[in-house]
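Novice: Input structure: protein-v3.txt, which contains compact mmCIF, C-alpha atoms.
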```txt
# COMPACT_ATOMS: atom_id res chain seq x y z
CA MET A 1 54.34 39.56 -30.98
CA SER A 2 51.41 41.80 -31.85
CA SER A 3 51.96 45.55 -31.97
CA PRO A 4 49.84 47.70 -29.59
CA SER A 5 47.48 48.56 -32.47
CA THR A 6 46.75 44.97 -33.49
CA LEU A 7 44.47 42.36 -32.00
CA THR A 8 44.22 38.64 -32.61
CA LEU A 9 40.86 37.21 -33.64
CA ALA A 10 40.77 35.38 -30.31
CA ALA A 11 41.10 38.70 -28.48
CA ILE A 12 38.46 40.34 -30.68
CA ALA A 13 36.07 37.45 -30.13
CA ALA A 14 36.43 37.93 -26.38
CA LEU A 15 35.86 41.69 -26.65
CA VAL A 16 32.58 41.39 -28.55
CA ASP A 17 31.43 38.01 -27.23
CA ALA A 18 31.62 36.42 -30.68
CA ARG A 19 31.83 32.79 -31.78
CA LEU A 20 35.05 32.48 -33.74
CA VAL A 21 35.11 30.37 -36.87
CA GLY A 22 38.66 30.19 -38.19
CA SER A 23 42.19 31.00 -37.00
CA PRO A 24 42.40 32.47 -33.48
CA ASP A 25 45.96 33.75 -34.13
CA GLN A 26 45.06 35.85 -37.18
CA GLU A 27 46.15 39.43 -36.44
CA ILE A 28 43.90 42.38 -37.25
CA ALA A 29 45.39 45.87 -37.62
CA GLY A 30 42.36 47.85 -38.75
CA LEU A 31 38.82 47.99 -40.10
CA ALA A 32 37.57 48.35 -43.68
CA THR A 33 34.60 47.71 -45.95
CA LEU A 34 34.07 44.32 -47.54
CA GLN A 35 35.16 45.75 -50.89
CA ASP A 36 38.38 47.38 -49.67
CA ALA A 37 39.59 45.22 -46.77
CA ARG A 38 43.04 43.69 -46.75
CA ALA A 39 44.14 40.43 -45.15
CA ASP A 40 45.07 42.24 -41.91
CA GLN A 41 41.74 44.08 -41.64
CA LEU A 42 38.34 43.21 -40.19
CA SER A 43 35.08 43.93 -41.98
CA PHE A 44 31.39 43.42 -41.22
CA LEU A 45 28.11 42.70 -42.97
CA SER A 46 25.08 44.45 -41.51
CA SER A 47 22.96 45.19 -44.59
CA SER A 48 21.71 42.76 -47.23
CA GLN A 49 22.63 45.19 -50.01
CA TYR A 50 26.33 44.51 -49.32
CA ARG A 51 26.03 40.72 -49.20
CA LYS A 52 27.12 40.55 -52.86
CA TYR A 53 30.64 41.58 -51.77
CA LEU A 54 31.01 38.87 -49.13
CA GLY A 55 32.16 36.06 -51.40
CA ASP A 56 35.02 38.07 -52.91
CA THR A 57 36.23 39.97 -49.85
CA ARG A 58 39.91 39.74 -48.94
CA ALA A 59 39.27 40.69 -45.31
CA GLY A 60 41.16 38.75 -42.66
CA ALA A 61 37.84 38.19 -40.90
CA VAL A 62 34.24 39.36 -41.11
CA LEU A 63 31.67 40.07 -38.41
CA LEU A 64 28.60 38.08 -39.43
CA THR A 65 25.28 36.82 -38.13
CA GLU A 66 24.70 33.07 -37.86
CA ALA A 67 22.72 33.09 -41.10
CA ASP A 68 25.37 34.92 -43.13
CA ALA A 69 28.22 32.85 -41.69
CA THR A 70 26.76 29.54 -42.89
CA ASP A 71 28.32 29.59 -46.36
CA PHE A 72 31.26 31.90 -45.70
CA ALA A 73 34.65 30.25 -46.30
CA GLY A 74 36.88 32.77 -44.47
CA ASN A 75 37.45 33.65 -40.84
CA ALA A 76 34.19 34.72 -39.22
CA LEU A 77 33.24 36.32 -35.93
CA VAL A 78 29.63 35.33 -35.42
CA VAL A 79 27.56 37.83 -33.42
CA ALA A 80 23.91 38.80 -33.08
CA ASN A 81 24.50 42.37 -34.29
CA PRO A 82 27.56 42.86 -36.55
CA TYR A 83 27.11 46.64 -36.76
CA LEU A 84 27.07 47.02 -32.99
CA ALA A 85 30.15 44.82 -32.66
CA TYR A 86 31.92 46.94 -35.29
CA ALA A 87 30.96 50.10 -33.40
CA ARG A 88 32.53 48.80 -30.21
CA LEU A 89 35.72 47.67 -31.95
CA SER A 90 36.11 50.94 -33.85
CA HIS A 91 37.45 52.68 -30.75
CA HIS A 92 40.43 50.32 -30.51
CA PHE A 93 41.54 51.27 -34.03
CA ASP A 94 40.75 55.00 -33.79
CA PRO A 95 43.86 56.98 -34.82
CA LYS A 96 42.76 60.17 -33.05
CA PRO A 97 45.78 61.63 -31.17
CA VAL A 98 45.73 61.47 -27.38
CA ALA A 99 46.09 64.94 -25.89
CA PRO A 100 48.62 65.28 -23.04
CA ALA A 101 47.39 66.33 -19.61
CA GLY A 102 48.09 69.86 -18.51
CA VAL A 103 47.62 73.44 -19.67
CA HIS A 104 49.40 74.49 -22.85
CA PRO A 105 51.63 77.57 -22.40
CA ALA A 106 49.64 79.40 -25.07
CA ALA A 107 46.33 78.89 -23.28
CA VAL A 108 44.73 81.66 -21.21
CA VAL A 109 43.26 80.43 -17.93
CA ALA A 110 41.65 82.70 -15.34
CA ALA A 111 43.08 82.48 -11.85
CA SER A 112 39.70 81.48 -10.42
CA ALA A 113 39.12 78.68 -12.96
CA GLN A 114 39.32 75.09 -11.70
CA ILE A 115 41.17 72.74 -14.03
CA ASP A 116 41.62 69.12 -12.98
CA PRO A 117 45.32 68.13 -13.24
CA SER A 118 44.43 65.29 -15.61
CA ALA A 119 42.55 67.58 -18.02
CA SER A 120 44.17 68.89 -21.22
CA ILE A 121 43.85 72.55 -22.26
CA GLY A 122 45.09 73.16 -25.81
CA PRO A 123 46.96 76.10 -27.33
CA GLY A 124 44.98 79.31 -27.66
CA ALA A 125 42.14 78.04 -25.49
CA VAL A 126 40.52 80.52 -23.11
CA ILE A 127 39.08 79.40 -19.77
CA GLU A 128 37.23 82.27 -18.11
CA ALA A 129 36.63 83.12 -14.46
CA ASP A 130 35.19 80.43 -12.18
CA ALA A 131 34.87 77.91 -15.02
CA VAL A 132 35.39 74.23 -14.15
CA VAL A 133 36.98 71.53 -16.34
CA GLY A 134 36.70 67.97 -15.02
CA ALA A 135 39.10 65.04 -14.85
CA GLY A 136 40.43 63.75 -18.16
CA THR A 137 38.52 66.26 -20.26
CA VAL A 138 40.24 67.62 -23.37
CA VAL A 139 39.64 71.24 -24.35
CA GLY A 140 41.03 71.66 -27.86
CA ALA A 141 42.93 74.51 -29.42
CA GLN A 142 41.19 77.90 -29.51
CA CYS A 143 38.16 76.75 -27.54
CA VAL A 144 36.46 79.21 -25.22
CA VAL A 145 34.88 78.12 -21.95
CA GLY A 146 32.88 81.02 -20.55
CA ALA A 147 32.61 82.32 -17.03
CA ARG A 148 31.09 79.94 -14.47
CA SER A 149 30.57 77.20 -17.04
CA GLN A 150 31.20 73.63 -15.94
CA ILE A 151 32.42 70.66 -17.97
CA GLY A 152 32.37 67.20 -16.39
CA ALA A 153 34.88 64.36 -16.57
CA GLY A 154 36.05 62.45 -19.63
CA GLY A 155 34.82 64.96 -22.22
CA TRP A 156 36.37 66.04 -25.50
CA LEU A 157 36.00 69.47 -27.09
CA ALA A 158 37.43 69.61 -30.60
CA PRO A 159 39.23 72.82 -31.63
CA ARG A 160 37.21 76.06 -31.82
CA VAL A 161 34.23 75.11 -29.67
CA SER A 162 32.56 78.07 -27.98
CA ILE A 163 30.93 77.60 -24.57
CA TYR A 164 29.28 80.79 -23.31
CA HIS A 165 28.85 81.65 -19.63
CA ASP A 166 26.77 79.55 -17.20
CA VAL A 167 26.64 76.42 -19.32
CA ARG A 168 26.66 73.07 -17.49
CA ILE A 169 27.97 70.03 -19.35
CA GLY A 170 27.94 66.49 -17.95
CA ASP A 171 30.47 63.68 -18.13
CA ARG A 172 31.85 62.08 -21.32
CA VAL A 173 30.43 64.74 -23.62
CA VAL A 174 31.88 65.08 -27.14
CA ILE A 175 31.54 68.44 -28.92
CA GLN A 176 32.81 68.89 -32.48
CA SER A 177 34.47 71.95 -33.99
CA GLY A 178 32.48 75.13 -34.47
CA ALA A 179 29.68 74.16 -32.10
CA VAL A 180 28.28 76.97 -29.95
CA LEU A 181 26.56 76.35 -26.62
CA GLY A 182 24.83 79.14 -24.74
CA SER A 183 24.43 81.69 -27.53
CA GLU A 184 21.66 84.23 -26.99
CA GLY A 185 18.26 83.02 -28.09
CA PHE A 186 16.23 84.90 -30.70
CA GLY A 187 14.07 86.93 -28.33
CA PHE A 188 12.63 90.35 -29.19
CA ALA A 189 9.51 92.34 -28.28
CA ASN A 190 7.86 94.55 -30.87
CA ASP A 191 7.71 98.19 -29.80
CA GLY A 192 5.73 100.10 -32.41
CA GLY A 193 7.56 98.52 -35.33
CA ARG A 194 10.95 98.42 -33.64
CA TRP A 195 12.40 95.35 -31.95
CA GLN A 196 13.33 95.48 -28.29
CA LYS A 197 15.90 92.84 -27.38
CA ILE A 198 15.05 90.48 -24.49
CA ALA A 199 17.98 89.50 -22.29
CA GLN A 200 18.48 85.75 -22.33
CA ILE A 201 19.22 85.08 -18.69
CA GLY A 202 18.81 81.29 -18.62
CA GLY A 203 21.58 78.82 -19.37
CA VAL A 204 22.18 75.49 -21.10
CA CYS A 205 22.26 72.16 -19.29
CA VAL A 206 23.76 69.17 -21.14
CA GLY A 207 23.55 65.65 -19.65
CA ASP A 208 26.06 62.80 -19.65
CA ASP A 209 27.24 60.88 -22.75
CA VAL A 210 25.98 63.52 -25.18
CA GLU A 211 27.56 64.12 -28.61
CA ILE A 212 27.16 67.46 -30.40
CA GLY A 213 28.12 67.82 -34.06
CA ALA A 214 30.15 70.44 -35.88
CA ASN A 215 28.63 73.93 -36.19
CA THR A 216 25.57 72.97 -34.16
CA THR A 217 24.13 75.79 -32.07
CA ILE A 218 22.28 75.44 -28.78
CA ASP A 219 20.80 78.72 -27.55
CA ARG A 220 20.56 79.56 -23.86
CA GLY A 221 17.15 79.86 -22.25
CA ALA A 222 15.31 83.13 -21.93
CA LEU A 223 14.48 82.47 -18.27
CA ALA A 224 14.92 78.75 -17.53
CA ASP A 225 17.63 76.56 -19.09
CA THR A 226 17.68 74.88 -22.48
CA VAL A 227 18.06 71.17 -21.59
CA ILE A 228 19.76 68.36 -23.49
CA GLY A 229 19.17 64.98 -21.81
CA ASP A 230 21.55 62.09 -21.17
CA GLY A 231 22.77 60.16 -24.19
CA VAL A 232 21.41 62.61 -26.78
CA LYS A 233 23.21 62.52 -30.15
CA LEU A 234 23.17 65.68 -32.28
CA ASP A 235 24.53 65.76 -35.83
CA ASN A 236 26.17 68.71 -37.60
CA GLN A 237 24.52 72.08 -38.29
CA ILE A 238 21.51 71.72 -36.03
CA HIS A 239 19.86 74.75 -34.47
CA ILE A 240 18.23 74.32 -31.06
CA ALA A 241 16.45 77.46 -29.93
CA HIS A 242 15.97 78.80 -26.41
CA ASN A 243 14.15 76.77 -23.77
CA VAL A 244 14.01 73.61 -25.88
CA HIS A 245 14.04 70.34 -23.92
CA ILE A 246 15.35 67.17 -25.60
CA GLY A 247 14.75 63.89 -23.78
CA ASP A 248 17.29 61.18 -23.00
CA HIS A 249 18.78 59.13 -25.87
CA THR A 250 17.09 61.03 -28.66
CA ALA A 251 19.10 61.26 -31.91
CA ILE A 252 18.79 64.19 -34.33
CA ALA A 253 20.34 64.26 -37.82
CA ALA A 254 21.89 67.22 -39.65
CA CYS A 255 20.22 70.51 -40.56
CA VAL A 256 17.28 70.19 -38.20
CA GLY A 257 15.78 73.42 -36.84
CA ILE A 258 13.89 73.35 -33.54
CA SER A 259 12.02 76.50 -32.53
CA GLY A 260 11.82 77.86 -29.01
CA SER A 261 10.18 76.08 -26.07
CA THR A 262 9.61 72.85 -27.98
CA ARG A 263 9.84 69.69 -25.87
CA ILE A 264 11.03 66.44 -27.47
CA GLY A 265 10.67 63.16 -25.60
CA ARG A 266 13.01 60.24 -24.95
CA HIS A 267 14.25 57.77 -27.57
CA CYS A 268 13.06 59.85 -30.51
CA THR A 269 14.78 59.89 -33.92
CA ILE A 270 14.59 63.10 -35.97
CA ALA A 271 15.88 62.71 -39.53
CA GLY A 272 17.74 65.35 -41.54
CA GLY A 273 16.25 68.68 -42.50
CA VAL A 274 13.23 68.49 -40.20
CA GLY A 275 11.72 71.76 -39.02
CA MET A 276 9.70 72.19 -35.83
CA VAL A 277 7.57 75.15 -34.82
CA GLY A 278 7.81 76.42 -31.26
CA HIS A 279 5.81 75.58 -28.14
CA ILE A 280 4.88 72.04 -29.17
CA GLU A 281 5.50 68.68 -27.50
CA ILE A 282 6.78 65.47 -29.07
CA CYS A 283 6.13 62.35 -27.00
CA ASP A 284 8.61 59.50 -26.44
CA ASN A 285 9.53 57.00 -29.19
CA VAL A 286 8.68 59.16 -32.20
CA PHE A 287 10.44 58.88 -35.58
CA VAL A 288 10.18 61.92 -37.86
CA THR A 289 11.32 61.32 -41.45
CA GLY A 290 13.55 63.69 -43.39
CA MET A 291 12.40 67.18 -44.41
CA THR A 292 9.18 66.91 -42.41
CA MET A 293 7.66 70.14 -41.14
CA VAL A 294 6.23 69.51 -37.66
CA THR A 295 3.53 72.11 -37.04
CA ARG A 296 1.70 70.60 -34.07
CA SER A 297 2.33 68.38 -31.06
CA ILE A 298 2.73 64.62 -31.48
CA THR A 299 1.05 62.68 -28.70
CA GLU A 300 1.31 59.09 -29.96
CA PRO A 301 4.54 57.12 -30.61
CA GLY A 302 5.25 56.13 -34.21
CA ALA A 303 6.60 57.42 -37.53
CA TYR A 304 5.53 60.79 -38.96
CA SER A 305 6.16 62.42 -42.36
CA SER A 306 5.12 65.43 -44.42
CA GLY A 307 5.94 66.88 -47.80
CA THR A 308 6.11 65.04 -51.11
CA ALA A 309 8.69 62.56 -52.31
CA MET A 310 10.90 63.23 -55.32
CA GLN A 311 9.47 62.54 -58.79
CA PRO A 312 10.41 63.58 -62.34
CA ALA A 313 10.12 67.33 -62.78
CA VAL A 314 7.38 67.10 -65.41
CA GLU A 315 5.22 64.98 -63.12
CA TRP A 316 5.98 67.19 -60.12
CA ARG A 317 4.80 70.30 -62.00
CA LYS A 318 1.55 68.55 -62.85
CA SER A 319 1.11 67.53 -59.22
CA ALA A 320 1.86 71.06 -58.04
CA ALA A 321 -0.75 72.47 -60.42
CA ARG A 322 -3.32 69.98 -59.16
CA PHE A 323 -2.45 70.79 -55.59
CA ARG A 324 -3.29 74.46 -56.22
CA GLN A 325 -6.68 73.35 -57.55
CA LEU A 326 -7.57 71.27 -54.50
CA ASP A 327 -9.52 74.02 -52.75
CA SER A 328 -11.78 74.71 -55.71
CA LEU A 329 -12.18 70.97 -56.32
CA ALA A 330 -13.18 70.44 -52.69
CA LYS A 331 -15.80 73.18 -52.97
CA LYS A 332 -17.17 71.63 -56.18
CA VAL A 333 -17.37 68.21 -54.48
CA GLN A 334 -19.22 69.73 -51.53
CA GLN A 335 -21.66 71.43 -53.90
CA LEU A 336 -22.24 68.19 -55.83
CA GLU A 337 -22.84 66.35 -52.53
CA LYS A 338 -25.48 68.92 -51.55
CA GLU A 339 -27.16 68.65 -54.96
CA LEU A 340 -27.09 64.85 -54.81
CA LEU A 341 -28.55 64.90 -51.32
CA ALA A 342 -31.33 67.22 -52.47
CA VAL A 343 -32.13 64.97 -55.45
CA THR A 344 -32.18 61.92 -53.17
CA ARG A 345 -34.58 63.63 -50.76
CA ASP A 346 -36.87 64.69 -53.63
CA SER A 347 -36.86 61.15 -54.99
CA GLN A 348 -37.70 59.67 -51.60
CA GLY A 349 -40.50 62.22 -51.16
CA SER A 350 -42.00 61.31 -54.54
CA SER A 351 -41.89 57.59 -53.70
CA GLU A 352 -43.69 58.08 -50.39
CA SER A 353 -46.43 60.13 -52.04
```
Rewrite the structure from the file as structure tokens, please.

Specialist:
Amino acid sequence: MSSPSTLTLAAIAALVDARLVGSPDQEIAGLATLQDARADQLSFLSSSQYRKYLGDTRAGAVLLTEADATDFAGNALVVANPYLAYARLSHHFDPKPVAPAGVHPAAVVAASAQIDPSASIGPGAVIEADAVVGAGTVVGAQCVVGARSQIGAGGWLAPRVSIYHDVRIGDRVVIQSGAVLGSEGFGFANDGGRWQKIAQIGGVCVGDDVEIGANTTIDRGALADTVIGDGVKLDNQIHIAHNVHIGDHTAIAACVGISGSTRIGRHCTIAGGVGMVGHIEICDNVFVTGMTMVTRSITEPGAYSSGTAMQPAVEWRKSAARFRQLDSLAKKVQQLEKELLAVTRDSQGSSES
């Protein structure tokens, strides 16, 4: 009899719609890489650079494409996309503890707050006046849910998430530790050399099926809301300034900074360390490579980059020196073009005469 944490290969094949090659009764108790897998673990091959480990793997079974399964001697689960199949199976073997429903005695919940009976409120959490926590949502230890904020059903807030007032969060939203939603945007007016603070009276609106990484900050809007669309995935340590709009199913990697009032379209991918100036628009289906500085709107789908790639320091210093000379070189080229044009005109004039 299989334990609750194990699955037979027959059961796994049914879950991911795979063609099973091998023993249907083989039990799988976990997932691992090709290099490290044991006989009771499942692995996968999704990148050609790891194919060299396939022949020697001790995995009980491997998720493979038709092409990779042809010469494999072990148990195989043949699927169109091994990485996607692995992603779906990963949730069955996730050891994350299941939080019990109810409000922990050490939590502080305002009398006017609405907590669904199936929700879980952890120790030290604070739920302020008129806040709403939906069915099955877990609010971890020492989280703060501000006044009038709303969290939908099936969400999970890791410990120490801070939700300011008037933040609306959809269903099945995952927020990692240290994230802050609804912090005051960076808004100031210059008054003769002194800075006058502008009250940030908008909110934050987060759609369904969003994931927000650890220590990521999403500022509230100055007037209207900052908006995060459905299915958006945000990595750790991202800063999203006030009034930013991010379209559905866009994914943003770590350490990206997005300035105020920028609008990013649907199905975009923003790689790590990208910076964006404010008040620009990025259209749908744009890929921005790592460390790019986006200084103007992007109106056509495609891949965009800026900056220079790594090279040996000696070569980089030479390149940097040449870069500083580009302006003077451009002026010299323009002058030479003018002189050449003048000589050409003189020569043509002499020929005609």

Novice: Taking all atoms listed in the file into account, which of A:Ala199, A:Val78, A:Ala241, A:Met293 comes nearest His279 of chain A?

Specialist: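 Of the candidates, the smallest distance to His279 of chain A is held by A:Ala241.
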
Novice: Excluding Gly134 of chain A and residues on its chain fewer than 6 positions from it, collect all residues at most 8 Å away from it, counting only C-alpha atoms, and give them as a PyMOL selection string.

Specialist: chain A and resi 115-116+119+150-154

Novice: Taking all atoms listed in the file into account, which of A:Gly257, A:Gly231, A:Gly307, A:Gly193 comes nearest Asp208 of chain A?

Specialist: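 Using all atoms listed in the file, the shortest distance to Asp208 of chain A belongs to A:Gly231.
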
Novice: Taking into account all atoms listed in the file, which residue in the set A:Arg317, A:His239, A:His249, A:His91 is nearest to Asn285 of chain A?

Specialist: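 Result for the nearest residue to Asn285 of chain A: A:His249.
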
Novice: Restricting the calculation to all atoms listed in the file, which member of A:Asp171, A:Asp71, A:Asp225, A:Asp219 is positioned closest to Gly185 of chain A?

Specialist: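 Of the candidates, the smallest distance to Gly185 of chain A is held by A:Asp219.
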
Novice: May I have the protein, DNA and RNA residues with an atom at most 8 Å from (41.5, 44.4, -36.5), counting all atoms listed in the file in the file's coordinates, returned as a PDB file with C-alpha atoms, in the frame of the given file?

Specialist:
```
ATOM      1  CA  THR A   6      46.750  44.970 -33.490  1.00  0.00           C
ATOM      2  CA  LEU A   7      44.470  42.360 -32.000  1.00  0.00           C
ATOM      3  CA  THR A   8      44.220  38.640 -32.610  1.00  0.00           C
ATOM      4  CA  LEU A   9      40.860  37.210 -33.640  1.00  0.00           C
ATOM      5  CA  ILE A  12      38.460  40.340 -30.680  1.00  0.00           C
ATOM      6  CA  GLU A  27      46.150  39.430 -36.440  1.00  0.00           C
ATOM      7  CA  ILE A  28      43.900  42.380 -37.250  1.00  0.00           C
ATOM      8  CA  ALA A  29      45.390  45.870 -37.620  1.00  0.00           C
ATOM      9  CA  GLY A  30      42.360  47.850 -38.750  1.00  0.00           C
ATOM     10  CA  LEU A  31      38.820  47.990 -40.100  1.00  0.00           C
ATOM     11  CA  ASP A  40      45.070  42.240 -41.910  1.00  0.00           C
ATOM     12  CA  GLN A  41      41.740  44.080 -41.640  1.00  0.00           C
ATOM     13  CA  LEU A  42      38.340  43.210 -40.190  1.00  0.00           C
ATOM     14  CA  PHE A  93      41.540  51.270 -34.030  1.00  0.00           C
TER      15      PHE A  93
END
```

Novice: Name the residues in contact with Lys233 of chain A at a cut-off of 6 Å, using only C-alpha atoms, excluding same-chain residues fewer than 5 positions from it; report them as JSON, numbers by chain.

Specialist: {"A": [210, 211, 251]}

Novice: Please determine, counting all atoms listed in the file, which residue among A:Val288, A:Val206, A:Ala14, A:Leu45 has the shortest atom-to-atom distance to Ala253 of chain A.

Specialist: A:Val288

Novice: (21.2, 64.1, -24.7) in this file's frame - what residues fall within 10 Å of it? Use only C-alpha atoms and give the answer as an MDAnalysis selection string.

Specialist: chainID A and resid 170 173 205:212 227:234 245:252 266:267

Novice: Report the distance between atom CA of Asp25 of chain A and atom CA of Gly60 of chain A in Å, rounded to one decimal place.

Specialist: 11.0 Å

Novice: Show which residues sit within 6 Å of Val274 of chain A, as a ChimeraX atom specification. Count all atoms listed in the file, and ignore same-chain residues fewer than 5 positions away.

Specialist: /A:256,290-293

Novice: Counting all atoms listed in the file, what is within 8 Å of Phe44 of chain A, bar same-chain residues fewer than 3 positions away, as a PDB file with C-alpha atoms, in the frame of the given file?

Specialist:
```pdb
ATOM      1  CA  THR A  33      34.600  47.710 -45.950  1.00  0.00           C
ATOM      2  CA  LEU A  34      34.070  44.320 -47.540  1.00  0.00           C
ATOM      3  CA  VAL A  62      34.240  39.360 -41.110  1.00  0.00           C
ATOM      4  CA  LEU A  63      31.670  40.070 -38.410  1.00  0.00           C
ATOM      5  CA  LEU A  64      28.600  38.080 -39.430  1.00  0.00           C
ATOM      6  CA  PRO A  82      27.560  42.860 -36.550  1.00  0.00           C
ATOM      7  CA  TYR A  83      27.110  46.640 -36.760  1.00  0.00           C
ATOM      8  CA  TYR A  86      31.920  46.940 -35.290  1.00  0.00           C
TER       9      TYR A  86
END
```
